[in-house]
Structure formats: C-alpha cells, structure tokens
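Reproduced below: upload.txt, with compact mmCIF, C-alpha atoms.
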# COMPACT_ATOMS: atom_id res chain seq x y z
CA MET A 1 34.84 11.35 64.58
CA GLY A 2 37.22 11.91 67.43
CA GLY A 3 40.26 12.13 65.14
CA ALA A 4 38.53 14.75 62.97
CA LYS A 5 37.83 16.99 65.98
CA LEU A 6 34.49 18.10 64.54
CA GLN A 7 33.32 21.45 65.87
CA PRO A 8 29.65 22.47 66.08
CA GLY A 9 28.45 24.12 62.89
CA GLU A 10 31.15 22.67 60.65
CA THR A 11 30.43 21.18 57.23
CA VAL A 12 31.07 17.46 56.85
CA LEU A 13 31.38 15.43 53.65
CA ILE A 14 30.93 11.69 54.03
CA ASN A 15 32.44 10.14 50.94
CA GLY A 16 30.69 6.77 50.76
CA ALA A 17 27.65 7.59 52.88
CA THR A 18 25.41 4.85 51.49
CA GLY A 19 27.17 1.97 53.23
CA VAL A 20 26.40 0.85 56.77
CA SER A 21 29.28 2.83 58.30
CA GLY A 22 28.58 5.87 56.12
CA LYS A 23 24.93 5.97 57.21
CA LEU A 24 26.00 5.82 60.84
CA ALA A 25 28.55 8.58 60.19
CA VAL A 26 25.81 10.85 58.79
CA GLN A 27 23.75 10.45 61.95
CA ILE A 28 26.71 10.83 64.30
CA ALA A 29 27.91 13.98 62.51
CA LYS A 30 24.48 15.54 63.05
CA LEU A 31 24.39 14.43 66.70
CA LEU A 32 27.82 16.00 67.22
CA GLY A 33 26.52 19.33 65.90
CA ALA A 34 27.61 19.42 62.25
CA GLY A 35 26.00 22.39 60.56
CA ARG A 36 25.80 20.71 57.16
CA VAL A 37 26.31 17.08 56.16
CA VAL A 38 26.80 16.03 52.54
CA GLY A 39 26.98 12.36 51.54
CA THR A 40 28.10 10.61 48.38
CA GLY A 41 26.87 7.36 46.88
CA ARG A 42 25.86 5.44 43.79
CA ASN A 43 22.60 3.73 44.68
CA PRO A 44 19.50 5.98 44.35
CA GLU A 45 17.51 4.18 47.08
CA SER A 46 20.44 4.30 49.50
CA MET A 47 20.99 8.00 48.75
CA LYS A 48 17.33 8.67 49.61
CA ARG A 49 17.88 6.83 52.89
CA VAL A 50 20.96 8.98 53.64
CA LEU A 51 18.77 12.10 53.29
CA GLU A 52 16.16 10.55 55.61
CA LEU A 53 18.92 9.95 58.18
CA GLY A 54 19.84 13.63 58.28
CA ALA A 55 22.14 14.48 55.36
CA ASP A 56 21.46 17.91 53.90
CA ALA A 57 22.49 16.84 50.40
CA VAL A 58 23.77 13.85 48.46
CA ILE A 59 26.12 13.66 45.49
CA ASP A 60 25.72 10.92 42.89
CA LEU A 61 29.14 9.39 42.16
CA LYS A 62 27.96 8.01 38.80
CA GLN A 63 28.36 11.42 37.13
CA SER A 64 31.22 12.26 34.77
CA ASP A 65 34.43 13.49 36.43
CA GLU A 66 33.62 17.10 35.50
CA GLU A 67 30.04 16.89 36.79
CA LEU A 68 31.24 15.23 39.98
CA ALA A 69 33.82 17.97 40.58
CA ASP A 70 31.12 20.60 40.03
CA SER A 71 28.83 18.80 42.51
CA PHE A 72 31.57 18.65 45.16
CA ILE A 73 32.11 22.40 44.77
CA LYS A 74 28.41 23.28 44.70
CA GLU A 75 27.51 21.24 47.79
CA ALA A 76 30.52 22.50 49.78
CA GLY A 77 28.93 25.92 50.24
CA GLU A 78 31.65 27.88 52.01
CA GLY A 79 33.83 24.76 52.10
CA TYR A 80 34.17 21.39 53.79
CA ASP A 81 35.76 21.28 57.22
CA VAL A 82 35.80 17.51 57.74
CA ILE A 83 35.75 14.70 55.18
CA LEU A 84 35.19 11.13 56.27
CA ASP A 85 36.40 9.06 53.33
CA PHE A 86 35.20 5.48 53.09
CA LEU A 87 36.04 5.29 49.35
CA TRP A 88 39.51 6.62 48.43
CA GLY A 89 40.34 5.93 44.76
CA ARG A 90 39.01 8.04 41.89
CA PRO A 91 36.21 9.88 43.76
CA THR A 92 38.73 11.15 46.31
CA GLU A 93 41.16 12.22 43.58
CA ILE A 94 38.43 14.30 41.96
CA LEU A 95 37.42 15.78 45.31
CA ILE A 96 40.98 16.77 46.24
CA LYS A 97 41.50 18.47 42.86
CA THR A 98 38.57 20.79 43.69
CA PHE A 99 40.53 22.16 46.67
CA VAL A 100 43.41 23.49 44.58
CA PRO A 101 42.93 27.24 44.00
CA HIS A 102 43.30 28.56 40.46
CA GLU A 103 45.39 31.49 41.66
CA LEU A 104 47.82 31.93 44.53
CA VAL A 105 45.87 32.90 47.63
CA PRO A 106 46.65 32.52 51.32
CA VAL A 107 45.42 29.25 52.80
CA SER A 108 42.53 30.32 54.97
CA ARG A 109 40.73 27.06 55.74
CA ARG A 110 41.84 23.72 57.11
CA VAL A 111 40.18 20.74 55.44
CA ARG A 112 40.59 17.60 57.56
CA LEU A 113 40.30 14.46 55.44
CA VAL A 114 40.08 11.26 57.47
CA GLN A 115 40.96 8.24 55.34
CA ILE A 116 38.86 5.29 56.59
CA GLY A 117 38.18 2.88 53.73
CA GLU A 118 39.12 2.06 50.17
CA LYS A 119 35.92 0.85 48.54
CA ALA A 120 36.80 2.69 45.28
CA GLY A 121 40.50 1.82 45.28
CA SER A 122 43.55 1.58 47.51
CA THR A 123 45.63 4.28 45.79
CA ILE A 124 45.20 7.83 44.54
CA SER A 125 47.28 10.23 42.48
CA LEU A 126 48.01 13.25 44.68
CA SER A 127 49.57 16.40 43.23
CA ALA A 128 51.92 18.43 45.42
CA ASP A 129 49.85 21.60 45.04
CA ALA A 130 46.87 19.79 46.58
CA LEU A 131 48.77 19.86 49.87
CA ARG A 132 50.77 23.02 49.36
CA THR A 133 47.98 25.43 48.47
CA SER A 134 44.68 23.99 49.68
CA GLY A 135 44.80 23.69 53.48
CA LEU A 136 44.17 19.96 53.07
CA GLU A 137 45.31 17.71 55.91
CA ILE A 138 45.06 13.95 55.42
CA PHE A 139 45.29 11.42 58.20
CA GLY A 140 44.23 7.86 58.89
CA GLY A 141 41.04 6.96 60.70
CA ALA A 142 42.90 5.66 63.75
CA ALA A 143 45.08 8.78 64.17
CA GLY A 144 44.81 10.26 67.63
CA TRP A 145 42.67 7.47 69.07
CA THR A 146 43.61 6.38 72.57
CA PRO A 147 42.00 3.56 74.57
CA GLU A 148 40.25 6.24 76.64
CA ALA A 149 38.89 8.02 73.56
CA ILE A 150 37.65 4.73 72.09
CA ASN A 151 35.92 3.87 75.37
CA GLU A 152 34.29 7.32 75.55
CA ALA A 153 33.12 7.17 71.92
CA THR A 154 31.74 3.65 72.38
CA ASN A 155 29.81 4.70 75.47
CA GLN A 156 28.40 7.72 73.61
CA VAL A 157 27.26 5.59 70.66
CA TRP A 158 25.59 3.07 73.00
CA ALA A 159 23.81 5.92 74.77
CA TRP A 160 22.50 7.23 71.43
CA ILE A 161 21.35 3.72 70.48
CA LYS A 162 19.49 3.34 73.79
CA GLU A 163 17.87 6.77 73.27
CA GLY A 164 16.76 5.76 69.76
CA LYS A 165 18.89 8.47 68.13
CA LEU A 166 20.84 6.10 65.84
CA SER A 167 19.27 3.92 63.18
CA MET A 168 20.87 1.02 61.35
CA ASP A 169 19.37 -0.96 58.47
CA ILE A 170 19.59 -4.58 59.65
CA GLU A 171 18.21 -7.72 58.08
CA THR A 172 18.18 -10.89 60.16
CA VAL A 173 18.60 -14.16 58.30
CA PRO A 174 18.28 -17.67 59.73
CA LEU A 175 21.48 -19.71 59.79
CA LYS A 176 19.77 -22.41 57.70
CA ASP A 177 19.63 -19.88 54.80
CA ILE A 178 23.32 -18.95 54.93
CA GLU A 179 24.14 -20.51 51.55
CA SER A 180 21.50 -18.48 49.68
CA VAL A 181 22.40 -15.31 51.59
CA TRP A 182 26.06 -15.74 50.64
CA LYS A 183 25.08 -15.49 46.95
CA ARG A 184 22.89 -12.39 47.29
CA THR A 185 23.98 -9.02 45.94
CA ASP A 186 21.17 -6.82 47.29
CA PHE A 187 22.73 -5.77 50.60
CA GLN A 188 23.14 -2.10 49.59
CA GLY A 189 23.82 -0.31 52.87
CA LYS A 190 22.37 -3.07 55.07
CA ARG A 191 23.98 -5.12 57.78
CA ILE A 192 23.04 -8.80 57.57
CA VAL A 193 22.86 -10.58 60.93
CA ILE A 194 22.78 -14.37 60.95
CA VAL A 195 20.57 -15.80 63.72
CA PRO A 196 20.06 -19.41 64.89

Would you mind writing the file out in structure tokens?
Amino acid sequence: MGGAKLQPGETVLINGATGVSGKLAVQIAKLLGAGRVVGTGRNPESMKRVLELGADAVIDLKQSDEELADSFIKEAGEGYDVILDFLWGRPTEILIKTFVPHELVPVSRRVRLVQIGEKAGSTISLSADALRTSGLEIFGGAAGWTPEAINEATNQVWAWIKEGKLSMDIETVPLKDIESVWKRTDFQGKRIVIVP
C-alpha cells in the first residue's frame, strides 16, 4: 500500500477483497493502522472469511446498482480515504458515482483510488464531474514504487509472515492430480500450490 500512502486511522475500501490478494490487502491495511477496512465480494463464504481476517464490514456486489451504491455510501462512514481496486469495471463505476456531490461544495477530502486489477472489466465510464468535484485521485498500483520501496515492503511482509500476522488460504495439490485440478472451479479466494 506504499503508493496509497495509508495513514493510521484512515478508512480503506478493498474492492475485490475475497480473492487471494484482496484477503492479504485486508490484513495488511489493518497491520498498517487502518481505522476501518471495508471489503467487497460476491461469494458469501469468502466474505465471511474477509471479516475473520479483520475487515470491519463487507459489501455484497450481487446487489442491484442502486442497492450497491447505497451500501458503498453507508459503509464509508465519514468517507473512504484509500481504495484498493482489484475489480475495475461496473462495481468501480458505481462506487465513483457515489463520490459526486449533489450540490456544489468545496472539495474537502482526498480519495486515493489505486487501480490494481480488472476482474470485473478493463474499462469504465468516468464522468468529468467525478474528478472535478469529488476529491478523487486515481493512479495505477505501481505508481511511486521504487526498487527500495519494493524491497522494504517485501521485507515487512516476510516479517509479518514469520510473526504469524498474515494468513493465506492455501491448498496443496500433488502434481499427479494437475489435470483434475485444472478443471476445478472451487478455488474461491484460495491459492493452489502444486507439489511433487
């Protein structure tokens, strides 16, 4: 989350928190001092797991557009500071629309959206007022990363792993079963590791 420059106490939305990377992001946000972490997802079991890993709330992406917008607003509390977006596409369009004020007011809050993945689509429709009136700043996941910052972040993550502070859902599968594993569709938020 180096590019997002998360500050202690800030509110983080992880759009796509039920995947492997999203679940790690939930835990890392908490370890970095996020005051509130909200995750989004579609799979009920994975959303329960996101809560177990430290999220304060989850938003079901299977709702209608209007219900989803209402959920984004409700769970934001005083507002999101950082958004880690693993989805892009329609969920992000709906989210961004919730930032546009209904009347002209001074922009008082920066919202830093870090675009990381595109699980829900590679494009969005972005209205000009979403940037002009909302305080929204969008940048790519690699923005601001230097070799030194990557090394420091990697060392920190390894330290948390050694201390048992990070959890990852891993299933090991023997190499002899690779053909049957390739056809499976039940990996929801798990990392499959092939072993000899």

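The closest residue to Asn43 of chain A, picked from A:Gln188, A:Thr98, A:Gln27, A:Thr172 and counting all atoms listed in the file, is A:Gln188.
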
Set the distance at 8 Å and use all atoms listed in the file: which residues neighbour segment 112-123 of chain A once local chain neighbours fewer than 4 positions away are removed? I'd like the list as a PyMOL selection string.
chain A and resi 3-4+81-91+136-141

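Proximity of A:Glu163, A:Met168, A:Ser64, A:Lys97 to Ala128 of chain A, computed with only C-alpha atoms, is greatest for A:Lys97.
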
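Here atom CA of His102 of chain A stands at a distance of 22.4 Å from atom CA of Thr11 of chain A.
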
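One distance worth recording is that between atom CA of Ile150 of chain A and atom CA of Leu166 of chain A, which is 18.0 Å.
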
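The nearest approach to Asp186 of chain A among the residues A:Glu93, A:Val111, A:Trp160, A:Glu171, with all atoms listed in the file taken into account, belongs to A:Glu171.
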
Between A:Trp158, A:Val193, A:Tyr80, A:Ala153, single out the one closest to Gly135 of chain A, counting only C-alpha atoms.
A:Tyr80

Just give me the residues with any atom within 10 Å of (24.0, 12.5, 45.3), file coordinates, counting only C-alpha atoms, written as a PyMOL selection string.
chain A and resi 17-18+38-44+46-48+50-51+57-63+68+71-72+75
